[in-house]
file upload.tsv (TSV, C-alpha atoms and all ligand atoms)
chain	number	residue	atom	x	y	z
A	1	MET	CA	48.91	72.27	-43.69
A	2	THR	CA	45.50	70.81	-42.81
A	3	THR	CA	45.14	67.06	-42.69
A	4	LYS	CA	42.10	65.88	-44.62
A	5	VAL	CA	42.48	62.12	-44.18
A	6	SER	CA	44.39	60.39	-41.45
A	7	LEU	CA	44.77	56.62	-41.28
A	8	GLU	CA	46.27	55.64	-37.97
A	9	ASP	CA	47.80	52.28	-37.12
A	10	ILE	CA	45.84	50.20	-39.59
A	11	ASP	CA	46.09	46.40	-39.62
A	12	LEU	CA	44.42	44.59	-42.46
A	13	SER	CA	44.65	40.98	-43.53
A	14	PHE	CA	42.55	38.76	-45.78
A	15	PRO	CA	41.87	35.04	-45.32
A	16	GLY	CA	44.50	32.91	-47.05
A	17	PRO	CA	43.70	30.24	-49.66
A	18	ALA	CA	40.73	27.97	-48.94
A	19	GLY	CA	41.64	25.22	-46.51
A	20	SER	CA	44.61	27.11	-45.02
A	21	ASP	CA	44.43	28.85	-41.67
A	22	THR	CA	46.95	31.51	-42.67
A	23	ARG	CA	46.02	35.09	-43.49
A	24	LYS	CA	47.45	37.38	-46.11
A	25	VAL	CA	48.72	40.47	-44.34
A	26	ILE	CA	48.32	43.63	-46.41
A	27	TYR	CA	48.86	46.32	-43.74
A	28	GLU	CA	50.39	46.22	-40.30
A	29	ASN	CA	50.61	49.37	-38.16
A	30	PHE	CA	50.13	51.42	-41.29
A	31	SER	CA	49.60	55.17	-40.99
A	32	LEU	CA	49.11	57.79	-43.67
A	33	GLN	CA	48.16	61.46	-43.62
A	34	ILE	CA	46.74	63.18	-46.68
A	35	GLU	CA	46.83	66.94	-46.89
A	36	GLU	CA	43.69	68.93	-47.74
A	37	GLY	CA	43.67	70.14	-51.34
A	38	SER	CA	46.55	67.87	-52.35
A	39	PHE	CA	46.72	65.68	-55.42
A	40	THR	CA	48.11	62.64	-53.65
A	41	VAL	CA	49.25	59.72	-55.79
A	42	LEU	CA	49.51	56.26	-54.24
A	43	LEU	CA	52.14	54.50	-56.31
A	44	GLY	CA	52.95	50.84	-55.86
A	45	PRO	CA	53.23	47.45	-57.53
A	46	SER	CA	50.22	45.32	-58.37
A	47	GLY	CA	48.73	43.64	-55.30
A	48	CYS	CA	50.40	45.90	-52.71
A	49	GLY	CA	47.03	47.13	-51.45
A	50	LYS	CA	46.35	50.45	-53.22
A	51	SER	CA	42.66	49.80	-54.01
A	52	THR	CA	42.28	48.32	-50.54
A	53	LEU	CA	43.49	51.60	-49.08
A	54	LEU	CA	40.89	53.60	-51.06
A	55	ASN	CA	38.22	51.23	-49.78
A	56	ILE	CA	39.36	51.78	-46.20
A	57	ILE	CA	39.28	55.55	-46.69
A	58	ASN	CA	35.70	55.53	-47.98
A	59	GLY	CA	34.52	53.05	-45.36
A	60	LEU	CA	33.70	50.22	-47.78
A	61	LEU	CA	36.25	47.95	-46.16
A	62	LYS	CA	36.79	47.60	-42.44
A	63	PRO	CA	40.39	47.06	-41.33
A	64	THR	CA	41.13	44.18	-38.97
A	65	ARG	CA	42.23	46.83	-36.46
A	66	ALA	CA	42.58	50.58	-36.64
A	67	GLY	CA	43.70	53.32	-34.27
A	68	GLY	CA	41.73	55.79	-36.37
A	69	ILE	CA	40.23	56.46	-39.79
A	70	VAL	CA	39.89	60.18	-39.46
A	71	ILE	CA	38.31	62.52	-41.99
A	72	ASP	CA	38.35	66.22	-41.13
A	73	GLY	CA	39.17	65.38	-37.53
A	74	GLU	CA	36.26	62.94	-37.09
A	75	ASP	CA	36.41	59.17	-37.07
A	76	LEU	CA	34.61	57.56	-40.01
A	77	ARG	CA	33.70	54.58	-37.84
A	78	ARG	CA	31.64	56.76	-35.54
A	79	LYS	CA	30.32	58.97	-38.33
A	80	PRO	CA	29.80	56.83	-41.46
A	81	ASP	CA	28.07	59.77	-43.16
A	82	LEU	CA	31.54	61.25	-43.76
A	83	SER	CA	31.81	58.91	-46.74
A	84	ARG	CA	29.17	61.04	-48.47
A	85	GLN	CA	31.86	63.70	-48.92
A	86	MET	CA	33.72	61.28	-51.18
A	87	ALA	CA	33.32	60.13	-54.76
A	88	TYR	CA	34.98	57.20	-56.50
A	89	VAL	CA	36.24	56.94	-60.08
A	90	PHE	CA	37.02	53.39	-61.14
A	91	GLN	CA	39.30	51.92	-63.79
A	92	GLY	CA	36.33	51.45	-66.15
A	93	PRO	CA	33.55	54.04	-66.53
A	94	ARG	CA	30.72	51.85	-65.08
A	95	LEU	CA	28.00	54.01	-66.64
A	96	LEU	CA	24.41	52.83	-66.85
A	97	ARG	CA	24.06	51.99	-70.53
A	98	TRP	CA	20.33	52.81	-70.73
A	99	LYS	CA	20.87	56.37	-69.52
A	100	THR	CA	22.51	59.24	-71.37
A	101	LEU	CA	25.78	60.64	-70.01
A	102	ALA	CA	23.86	63.54	-68.42
A	103	GLN	CA	21.27	61.16	-66.93
A	104	ASN	CA	24.12	59.11	-65.45
A	105	ALA	CA	25.40	62.25	-63.71
A	106	ARG	CA	21.88	63.11	-62.54
A	107	PHE	CA	21.45	59.58	-61.18
A	108	GLY	CA	24.45	60.16	-58.88
A	109	LEU	CA	23.08	63.50	-57.68
A	110	LYS	CA	19.75	61.85	-56.95
A	111	GLY	CA	21.39	58.94	-55.12
A	112	LEU	CA	23.24	61.31	-52.82
A	113	GLY	CA	20.27	63.65	-52.49
A	114	VAL	CA	22.44	66.66	-53.37
A	115	GLN	CA	20.61	69.91	-52.58
A	116	PRO	CA	19.20	72.10	-53.93
A	117	LYS	CA	17.70	70.01	-56.71
A	118	ALA	CA	17.14	73.19	-58.75
A	119	LYS	CA	20.93	73.40	-59.21
A	120	TRP	CA	21.38	69.94	-60.74
A	121	ASP	CA	21.08	71.03	-64.38
A	122	GLU	CA	23.52	73.86	-63.78
A	123	LEU	CA	26.03	71.53	-62.13
A	124	ILE	CA	25.70	68.93	-64.89
A	125	GLU	CA	26.24	71.51	-67.60
A	126	LYS	CA	29.15	73.11	-65.74
A	127	TYR	CA	31.12	69.90	-65.41
A	128	PHE	CA	30.34	68.45	-68.85
A	129	THR	CA	31.53	71.78	-70.27
A	130	ALA	CA	34.69	71.64	-68.13
A	131	VAL	CA	35.67	68.27	-69.61
A	132	GLY	CA	34.74	69.30	-73.18
A	133	LEU	CA	31.65	67.06	-73.39
A	134	ARG	CA	28.85	69.63	-73.40
A	135	ASP	CA	27.76	68.71	-76.93
A	136	ALA	CA	27.82	64.96	-76.19
A	137	MET	CA	26.11	64.88	-72.81
A	138	HIS	CA	22.76	63.78	-74.23
A	139	LEU	CA	24.27	60.78	-75.99
A	140	TYR	CA	24.22	57.23	-74.62
A	141	PRO	CA	27.46	55.54	-73.48
A	142	HIS	CA	27.59	53.26	-76.56
A	143	GLN	CA	27.46	56.32	-78.84
A	144	VAL	CA	30.74	57.81	-77.55
A	145	SER	CA	34.39	56.72	-77.36
A	146	GLY	CA	36.05	55.03	-74.35
A	147	GLY	CA	37.84	58.26	-73.44
A	148	MET	CA	34.54	60.18	-73.54
A	149	ARG	CA	32.90	57.56	-71.32
A	150	GLN	CA	35.71	57.93	-68.81
A	151	ARG	CA	35.35	61.72	-68.93
A	152	ALA	CA	31.64	61.24	-68.21
A	153	SER	CA	32.49	59.06	-65.22
A	154	ILE	CA	34.74	61.86	-63.91
A	155	VAL	CA	31.83	64.28	-64.31
A	156	ARG	CA	29.53	61.83	-62.49
A	157	ALA	CA	31.94	61.91	-59.54
A	158	TRP	CA	32.75	65.62	-59.69
A	159	VAL	CA	29.19	66.86	-60.14
A	160	ASN	CA	28.45	66.00	-56.50
A	161	GLU	CA	31.22	68.45	-55.58
A	162	PRO	CA	32.77	65.93	-53.18
A	163	GLN	CA	35.56	67.06	-50.91
A	164	ILE	CA	37.60	63.93	-51.62
A	165	LEU	CA	37.93	62.17	-54.96
A	166	LEU	CA	39.19	58.61	-54.86
A	167	MET	CA	40.48	57.57	-58.29
A	168	ASP	CA	41.56	53.98	-58.90
A	169	GLU	CA	43.76	53.75	-62.01
A	170	PRO	CA	41.13	55.69	-63.97
A	171	PHE	CA	43.15	55.95	-67.18
A	172	SER	CA	44.94	52.63	-67.23
A	173	HIS	CA	42.73	51.03	-69.88
A	174	LEU	CA	42.98	53.99	-72.27
A	175	ASP	CA	45.53	54.38	-75.07
A	176	GLU	CA	48.40	56.68	-74.15
A	177	ILE	CA	47.24	59.62	-76.30
A	178	THR	CA	43.76	59.57	-74.73
A	179	ALA	CA	45.21	59.02	-71.25
A	180	ALA	CA	47.50	62.06	-71.68
A	181	GLU	CA	44.52	64.19	-72.68
A	182	MET	CA	42.52	62.89	-69.70
A	183	ARG	CA	45.35	63.78	-67.31
A	184	ARG	CA	45.39	67.32	-68.70
A	185	ILE	CA	41.60	67.63	-68.32
A	186	LEU	CA	41.75	66.32	-64.76
A	187	ILE	CA	44.51	68.73	-63.72
A	188	ASP	CA	42.69	71.67	-65.37
A	189	LEU	CA	39.50	70.75	-63.52
A	190	TRP	CA	41.26	70.32	-60.18
A	191	ALA	CA	43.29	73.52	-60.58
A	192	SER	CA	40.32	75.64	-61.67
A	193	GLU	CA	38.02	74.81	-58.74
A	194	GLU	CA	37.55	77.61	-56.26
A	195	THR	CA	37.23	74.96	-53.53
A	196	LYS	CA	40.22	72.67	-53.92
A	197	ARG	CA	39.19	69.03	-53.88
A	198	THR	CA	41.54	66.52	-52.30
A	199	ILE	CA	42.39	63.81	-54.81
A	200	VAL	CA	43.74	60.39	-53.87
A	201	PHE	CA	44.82	58.79	-57.14
A	202	VAL	CA	46.05	55.21	-57.44
A	203	THR	CA	48.50	54.12	-60.12
A	204	HIS	CA	51.36	51.72	-60.70
A	205	ASP	CA	52.72	53.97	-63.44
A	206	ILE	CA	55.75	56.04	-62.36
A	207	SER	CA	55.42	58.41	-65.29
A	208	GLU	CA	51.75	59.09	-64.52
A	209	ALA	CA	52.63	59.82	-60.87
A	210	ALA	CA	55.36	62.25	-61.99
A	211	GLN	CA	52.93	64.04	-64.32
A	212	LEU	CA	50.12	64.52	-61.80
A	213	ALA	CA	51.12	64.53	-58.14
A	214	THR	CA	51.61	67.25	-55.61
A	215	ASP	CA	52.37	64.42	-53.16
A	216	ILE	CA	53.68	60.96	-53.93
A	217	VAL	CA	53.28	58.05	-51.53
A	218	MET	CA	55.21	55.03	-52.72
A	219	LEU	CA	54.23	51.64	-51.30
A	220	THR	CA	56.21	48.40	-51.05
A	221	PRO	CA	54.72	44.99	-51.89
A	222	ALA	CA	52.46	43.61	-49.13
A	223	PRO	CA	52.75	43.70	-46.18
A	224	SER	CA	52.83	47.22	-47.42
A	225	SER	CA	54.70	50.18	-46.00
A	226	ILE	CA	55.57	53.62	-47.29
A	227	CYS	CA	59.02	53.43	-48.85
A	228	LEU	CA	59.05	57.01	-50.11
A	229	ARG	CA	56.96	60.07	-49.40
A	230	ARG	CA	57.67	63.13	-51.46
A	231	LYS	CA	56.21	66.49	-52.37
A	232	VAL	CA	56.39	67.56	-56.01
A	233	ASP	CA	56.65	71.27	-56.54
A	234	LEU	CA	56.37	71.48	-60.33
A	235	ALA	CA	53.83	73.48	-62.34
A	236	TRP	CA	51.49	71.95	-64.94
A	237	PRO	CA	51.46	71.01	-67.71
A	238	ARG	CA	54.58	68.97	-66.98
A	239	GLN	CA	56.72	68.20	-69.96
A	240	LEU	CA	57.61	64.50	-70.08
A	241	ASP	CA	61.05	65.27	-71.51
A	242	SER	CA	61.91	68.09	-69.09
A	243	ASP	CA	64.92	67.60	-66.79
A	244	GLU	CA	62.67	67.92	-63.72
A	245	VAL	CA	60.22	65.20	-64.76
A	246	ILE	CA	62.95	62.84	-66.00
A	247	GLY	CA	64.86	63.45	-62.74
A	248	LEU	CA	61.77	62.73	-60.65
A	249	GLU	CA	61.03	59.49	-62.51
A	250	LYS	CA	64.64	58.38	-61.99
A	251	GLU	CA	64.39	59.12	-58.28
A	252	LEU	CA	61.17	57.08	-58.00
A	253	ARG	CA	62.67	54.14	-59.91
A	254	HIS	CA	65.75	54.28	-57.71
A	255	ALA	CA	63.62	54.32	-54.55
A	256	PHE	CA	61.63	51.29	-55.74
A	257	ALA	CA	64.86	49.40	-56.47
A	258	GLU	CA	66.63	50.37	-53.25
A	259	ARG	CA	63.76	50.19	-50.79
A	260	ALA	CA	61.32	47.70	-52.28
A	261	GLY	CA	63.61	45.53	-54.38
A	262	ILE	CA	61.63	46.28	-57.54
A	263	ARG	CA	63.35	47.27	-60.79
A	264	PHE	CA	61.67	48.84	-63.81
B	301	LIG	N1	38.25	40.57	-50.57
B	301	LIG	C1	39.48	40.04	-50.65
B	301	LIG	N2	39.74	38.81	-50.20
B	301	LIG	C2	40.97	38.26	-50.25
B	301	LIG	N3	42.04	38.90	-50.75
B	301	LIG	C3	41.85	40.14	-51.24
B	301	LIG	C4	40.57	40.78	-51.22
B	301	LIG	N4	40.68	42.02	-51.76
B	301	LIG	C5	41.98	42.15	-52.11
B	301	LIG	N5	42.67	41.03	-51.79
B	301	LIG	C6	44.11	40.81	-51.98
B	301	LIG	O1	44.78	41.88	-51.33
B	301	LIG	C7	45.92	42.29	-52.09
B	301	LIG	C8	45.83	43.77	-52.36
B	301	LIG	O2	44.77	43.99	-53.30
B	301	LIG	P1	44.52	45.43	-53.97
B	301	LIG	O3	43.45	45.25	-54.99
B	301	LIG	O4	44.32	46.45	-52.93
B	301	LIG	O5	45.93	45.68	-54.69
B	301	LIG	P2	46.38	46.84	-55.69
B	301	LIG	O6	47.67	47.37	-55.19
B	301	LIG	O7	45.27	47.81	-55.89
B	301	LIG	O8	46.63	45.99	-57.02
B	301	LIG	P3	46.40	46.33	-58.59
B	301	LIG	O9	47.36	47.44	-58.92
B	301	LIG	O10	46.73	45.05	-59.27
B	301	LIG	O11	44.96	46.73	-58.73
B	301	LIG	C9	45.94	41.42	-53.33
B	301	LIG	O12	46.82	40.35	-53.10
B	301	LIG	C10	44.52	40.93	-53.44
B	301	LIG	O13	44.47	39.67	-54.05

call {"tool": "encode", "arguments": {"input": "upload.tsv", "output": "structure tokens", "more": "lines below"}}
Ligand SMILES: Nc1ncnc2c1ncn2[C@@H]1O[C@H](COP(=O)(O)OP(=O)(O)OP(=O)(O)O)[C@@H](O)[C@H]1O
result
Amino acid sequence: MTTKVSLEDIDLSFPGPAGSDTRKVIYENFSLQIEEGSFTVLLGPSGCGKSTLLNIINGLLKPTRAGGIVIDGEDLRRKPDLSRQMAYVFQGPRLLRWKTLAQNARFGLKGLGVQPKAKWDELIEKYFTAVGLRDAMHLYPHQVSGGMRQRASIVRAWVNEPQILLMDEPFSHLDEITAAEMRRILIDLWASEETKRTIVFVTHDISEAAQLATDIVMLTPAPSSICLRRKVDLAWPRQLDSDEVIGLEKELRHAFAERAGIRF
């Protein structure tokens, strides 16, 4: 196993309510290793610090103290350029509404200065085709459905061929039928790449974690710690009503109840 991301002894707290001199502690001596090529799901209740962790990994947020924020063996704090290997997919698509879906993807390539420029069109077509949007890529965001916009935002991230994809509840605002289709598209994309991308995917949905993950990291409410870390060795597509998936969901619920005092 090769470690892609290593967070070592992280402390992070935010200022408490205005007028108080307390701080809200989110992480204390928190460490996490993420394996290269894994589909790691960070699973935890609202407010436990999942988005915060993605922001620490990509260097947007500086911890109060850290032993290391190590990407490919190098510390992000000494080499901020490492964040250029990462792409972010948010809960909402955040597309520029005056650009077509393809122009949105091109905008990202331009921003990162991805080389060679001559390959941009090829990359854009490749990834829009992979998510089934080739015929819609010249439409504007308002001309397509919410699911199509979110697919376009996945293309915008993937087209840069980042080594690490940080995905923050990307399907949580979609209806369940569209979300299920999006999960299938994402897994197909991830599984078909010759260079395996490392995905760090945030959710508070146990079923979604069971459907997607090769690695599950379950977090307690803040101050947050890892209450369960588990590999999932099941092929895709995973059937929601299979004994394995139902068993895994039960195990995750049980762990939340036993170790974090949370019942679903
Ligand atoms: N800039 C900030 N200043 C103060 N508090 C913050 C800041 N950013 C996040 N927090 C607090 O830190 C905690 C963790 O936030 P975070 O968004 O990481 O949680 P989360 O697990 O992703 O939650 P959700 O699933 O609801 O998105 C929350 O209590 C949040 O209010």

call {"tool": "closest_residue", "arguments": {"input": "upload.tsv", "among": "A:Met167, A:Val245, A:Ala260, A:Ala222", "to": "A:Ile26", "atoms": "all atoms listed in the file"}}
result
A:Ala222

call {"tool": "closest_residue", "arguments": {"input": "upload.tsv", "among": "A:Phe39, A:Phe128, A:Trp120, A:Phe201", "to": "ligand LIG 301 (chain B)", "atoms": "only C-alpha atoms and all ligand atoms"}}
result
A:Phe201

call {"tool": "closest_atom_pairs", "arguments": {"input": "upload.tsv", "of": "chain A", "to": "ligand LIG 301 (chain B)", "cutoff": "6 Å", "atoms": "all atoms listed in the file", "output": "tab-separated table"}}
result
residue	atom	partner	partner_atom	distance
A:Phe14	CA	B:LIG301	C2	4.8
A:Pro15	CA	B:LIG301	C2	6.0
A:Ser46	CA	B:LIG301	O9	3.6
A:Gly47	CA	B:LIG301	O5	3.5
A:Cys48	CA	B:LIG301	O6	4.0
A:Gly49	CA	B:LIG301	O4	3.2
A:Lys50	CA	B:LIG301	O6	3.9
A:Ser51	CA	B:LIG301	O7	3.8
A:Thr52	CA	B:LIG301	O4	3.7

call {"tool": "atom_distance", "arguments": {"input": "upload.tsv", "atom1": "atom CA of A:Asp241", "atom2": "atom CA of A:Ser38"}}
result
24.2 Å

call {"tool": "closest_residue", "arguments": {"input": "upload.tsv", "among": "A:Ser224, A:Val159, A:Met148, A:Leu123", "to": "A:Leu12", "atoms": "only C-alpha atoms"}}
result
A:Ser224

call {"tool": "atom_distance", "arguments": {"input": "upload.tsv", "atom1": "atom CA of A:Val200", "atom2": "atom CA of A:Gly108"}}
result
19.9 Å

call {"tool": "residues_around", "arguments": {"input": "upload.tsv", "residues": "A:Ala179", "least_positions_apart": "6", "cutoff": "10 Å", "atoms": "only C-alpha atoms", "output": "list in words"}}
result
Gly147, Gln150, Pro170, Phe171, Ser172, His173, Ile185 and Glu208 of chain A

call {"tool": "closest_residue", "arguments": {"input": "upload.tsv", "among": "A:Ser6, A:Thr220, A:Ser225, A:Ser207", "to": "A:Gln239", "atoms": "only C-alpha atoms"}}
result
A:Ser207

call {"tool": "closest_residue", "arguments": {"input": "upload.tsv", "among": "A:Thr2, A:Asn29, A:Gln163, A:Ser83", "to": "A:Thr195", "atoms": "all atoms listed in the file"}}
result
A:Gln163

call {"tool": "closest_residue", "arguments": {"input": "upload.tsv", "among": "A:Pro116, A:Ile56, A:Asp75, A:Arg151", "to": "A:Ala102", "atoms": "only C-alpha atoms"}}
result
A:Arg151

call {"tool": "atom_distance", "arguments": {"input": "upload.tsv", "atom1": "atom CA of A:Lys196", "atom2": "atom CA of A:Glu36"}}
result
8.0 Å

call {"tool": "residues_around", "arguments": {"input": "upload.tsv", "residues": "stretch 70-73 of chain A", "least_positions_apart": "2", "cutoff": "10 Å", "atoms": "all atoms listed in the file", "output": "MDAnalysis selection string"}}
result
chainID A and resid 2:8 33:34 36 57:58 67:68 75:79 82:83 85 164

call {"tool": "residues_around", "arguments": {"input": "upload.tsv", "residues": "A:Ile262", "least_positions_apart": "2", "cutoff": "12 Å", "atoms": "all atoms listed in the file", "output": "PyMOL selection string"}}
result
chain A and resi 44-46+218-221+227+252-260+264

call {"tool": "decode", "arguments": {"input": "upload.tsv", "residues": "stretch 31-58 of chain A", "atoms": "C-alpha atoms", "output": "JSON list (two decimals), in the first residue's frame"}}
result
[["chain", "number", "residue", "atom", "x", "y", "z"],
["A", 31, "SER", "CA", -4.22, 11.55, 12.20],
["A", 32, "LEU", "CA", -5.46, 9.92, 9.03],
["A", 33, "GLN", "CA", -3.76, 8.05, 6.19],
["A", 34, "ILE", "CA", -5.41, 7.69, 2.80],
["A", 35, "GLU", "CA", -4.21, 5.01, 0.45],
["A", 36, "GLU", "CA", -3.30, 5.82, -3.16],
["A", 37, "GLY", "CA", -6.02, 4.78, -5.61],
["A", 38, "SER", "CA", -8.59, 4.23, -2.86],
["A", 39, "PHE", "CA", -12.17, 5.45, -2.85],
["A", 40, "THR", "CA", -12.15, 6.67, 0.72],
["A", 41, "VAL", "CA", -15.45, 7.76, 2.24],
["A", 42, "LEU", "CA", -15.46, 10.06, 5.25],
["A", 43, "LEU", "CA", -18.70, 9.28, 7.03],
["A", 44, "GLY", "CA", -19.91, 11.27, 10.00],
["A", 45, "PRO", "CA", -22.73, 13.33, 11.48],
["A", 46, "SER", "CA", -23.40, 16.92, 10.49],
["A", 47, "GLY", "CA", -20.89, 19.34, 12.00],
["A", 48, "CYS", "CA", -18.25, 16.73, 12.90],
["A", 49, "GLY", "CA", -15.70, 18.36, 10.60],
["A", 50, "LYS", "CA", -15.82, 16.43, 7.30],
["A", 51, "SER", "CA", -15.69, 19.48, 4.99],
["A", 52, "THR", "CA", -13.08, 20.98, 7.27],
["A", 53, "LEU", "CA", -10.91, 17.93, 6.71],
["A", 54, "LEU", "CA", -11.15, 18.28, 2.91],
["A", 55, "ASN", "CA", -10.15, 21.92, 3.27],
["A", 56, "ILE", "CA", -7.11, 20.93, 5.34],
["A", 57, "ILE", "CA", -6.11, 18.34, 2.74],
["A", 58, "ASN", "CA", -6.21, 20.84, -0.12]]
